[in-house]
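Participant: One structure, pasted below without further comment.
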Amino acid sequence: MSAVIQPGQVPGKATAAPVTASGTRLAVRRFRRNKLAVVGLGVVVFFFLFCFAGPLVYSTDQTHTLLDQVNLAPSGSHWLGTDAVGHDVLGRLMYGGKVSLIVGLAAGVLATVIGTLWGAVAGYAGGWVDAVMMRVVDAGIAIPALFILLVVSAITTPDLTGLVVILGFVSWLVPSRLIRAETLSLKNRDYVLTLRAIGGTHGRAIIRHILPNSVSTIIVAATFQIADAILLVAYVSYLGLGVQPPSTDWGGMLSAGLTAAYSGYWWLIIPPGLAIILVVWAFNAIGDGLRDAFDVRGRG
């Protein structure tokens with residue numbers, strides 16, 4: 001057997017290596033040297049613990065209206081104050097963050113899966129199949145994802161599952177181009193040509209060789225897609241077209257608190273705004289760190 005074959009370099013993007021045991025250890029060491037990526041990972045872990053474990057420690061009522069506790073300033077009883085219907089803002093931040101993270105994570109993964117399959121098939125098939133499939137991608141990229149999301153959300157009021165599906169189907173285009181470029185560099189490798197020579201099917205070539213050798217690119221793409229999905233959820237919810245009350249997310253909290261913020265109730269808008277900024281930045285920092293960690297051009 002020859003040494004591990006590295007995917008060819010694609011102009012304009014990092015060259016990623018297959019994920020092997022030794023390659024993973026090297027990638028982890030390179031990732032740990034990227035201080036911003038490590039901080040980003042810490043921020044993501046913190047928010048997941050904050051949103052999913054926090055309510056077990058800091059229990060609040062996020063269902064009933066409490067008119068005697070409306071717009072209270074931060075205090076020992078309510079660390080981040082209360083909102084216009086008496087909900088504890090810190091508890092609301094946990095509750096809304098859980099929705100934002102679940103939808104963002106699920107939509108980002110769905111978009112990456114769709115884009116990976118589409119790009120792998122297009123790149124491997126080549127010819128007119130590739131041309132037609134990538135023209136579909138080009139046409140989709142020409143239409144802003146936010147515009148499509150707003151139109152669909154205006155037509156129908158999506159629940160969490162519907163929001164995940166909509167986000168996934170408007171966000172898969174960029175990953176598909178990345179995976180297609182990776183596939184173009186892999187399909188003419190010796191191990192793929194050998195498989196085809198001994199009668200292996202196209203599906204086996206893609207599943208057993210193309211996709212495993214594209215794992216690093218897929219992981220990096222997924223990280224950025226999760227960040228984009230969280231931001232898109234915030235956009236849509238801010239405009240009142242996201243999850244509906246009594247459910248909420250960070251974008252919905254921003255929308256609900258905007259008017260009150262003009263009255264000096266800063267605690268209704270700053271916490272969810274900071275949460276969105278920090279989480280989106282953190283996932284982007286992790287994505288940058290993973291891209292550098294898997295980039296074989298920087299390895300000694």
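The way I read the labels, and the way they are meant: chains A, B, ... in the order of the structure tokens, residue 1 as the first residue of every chain, and ligand 1 as the first ligand shown, with later ones counted on from there.
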Using only C-alpha atoms, which residues sit within 9 Å of region 246-262 of chain A once same-chain residues fewer than 4 positions away are excluded, as an MDAnalysis selection string?
Facilitator: chainID A and resid 62:64 71 83:84 92:93 95:101 231 233:242 266:273 275:276
Participant: Write out as a PyMOL selection string the set of residues from region 210-258 of chain A that DSSP, computed on the backbone, places in helix (DSSP H, G or I).
Facilitator: chain A and resi 210+212-238+250-258
Participant: With only C-alpha atoms as the counted atoms, please give the residues lying no more than 10 Å from Val137 (chain A), apart from itself and same-chain residues fewer than 4 positions off, as a count of residues only.
Facilitator: 13
Participant: Set the distance at 10 Å and use only C-alpha atoms: which residues neighbour Phe31 (chain A) once local chain neighbours fewer than 5 positions away are removed? I'd like the list as a PyMOL selection string.
Facilitator: chain A and resi 25-26+36-38+286+288-294
Participant: When you look at Asp159 (chain A) with a cut-off of 9 Å (counting only C-alpha atoms), what residues show up, excluding the ones that are within fewer than 5 positions of it in the same chain? I need them as a PyMOL selection string.
Facilitator: chain A and resi 164+242-244
Participant: How far is it from CA of Ala197 (chain A) to CA of Asn213 (chain A), in Å with one decimal?
Facilitator: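 Here the two named atoms are 19.6 Å from each other.
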Participant: Kindly indicate which residue among A:Ala125, A:Asn284, A:Arg204, A:Ala139 lies nearest to Ala222 (chain A), using only C-alpha atoms for the distances.
Facilitator: A:Asn284
Participant: Ser77 (chain A): which residues within 12 Å, counting only C-alpha atoms, same-chain residues fewer than 2 positions away excluded, as a count of residues only?
Facilitator: 16
Participant: Could you jot down the CA of Ala27 (chain A) to CA of Ile218 (chain A) separation for me, Å, one decimal place?
Facilitator: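 Rounded to one decimal, the two atoms are 14.7 Å apart.
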Participant: Would you kindly return, as an NGL selection string, each protein, DNA or RNA residue with an atom no farther than 9 Å from any atom of Ala106 (chain A), considering only C-alpha atoms and excluding same-chain residues fewer than 2 positions away?
Facilitator: :A and (101-104 or 108-111 or 164-165 or 168 or 226 or 229)
Participant: Could you write out the selected residues, including C-alpha atoms, as a short mmCIF file (atom, residue, chain, number, x, y, z; two decimals), in the first residue's frame?
Facilitator:
```cif
data_model
loop_
_atom_site.label_atom_id
_atom_site.label_comp_id
_atom_site.auth_asym_id
_atom_site.auth_seq_id
_atom_site.Cartn_x
_atom_site.Cartn_y
_atom_site.Cartn_z
CA LEU A 101 -28.93 26.24 18.98
CA ILE A 102 -31.13 23.26 18.12
CA VAL A 103 -32.47 24.85 14.93
CA GLY A 104 -29.06 26.20 13.92
CA GLY A 108 -26.51 23.42 9.43
CA VAL A 109 -26.07 19.65 9.45
CA LEU A 110 -29.00 19.17 7.04
CA ALA A 111 -27.60 21.78 4.64
CA VAL A 164 -35.00 23.40 10.16
CA VAL A 165 -36.13 21.98 6.80
CA GLY A 168 -31.50 23.40 5.33
CA ILE A 226 -24.26 26.15 11.64
CA ALA A 229 -28.15 29.01 10.18
#
```
Participant: Tell me, in Å to one decimal, how far CA of Gly86 (chain A) is from CA of Tyr265 (chain A).
Facilitator: 13.0 Å
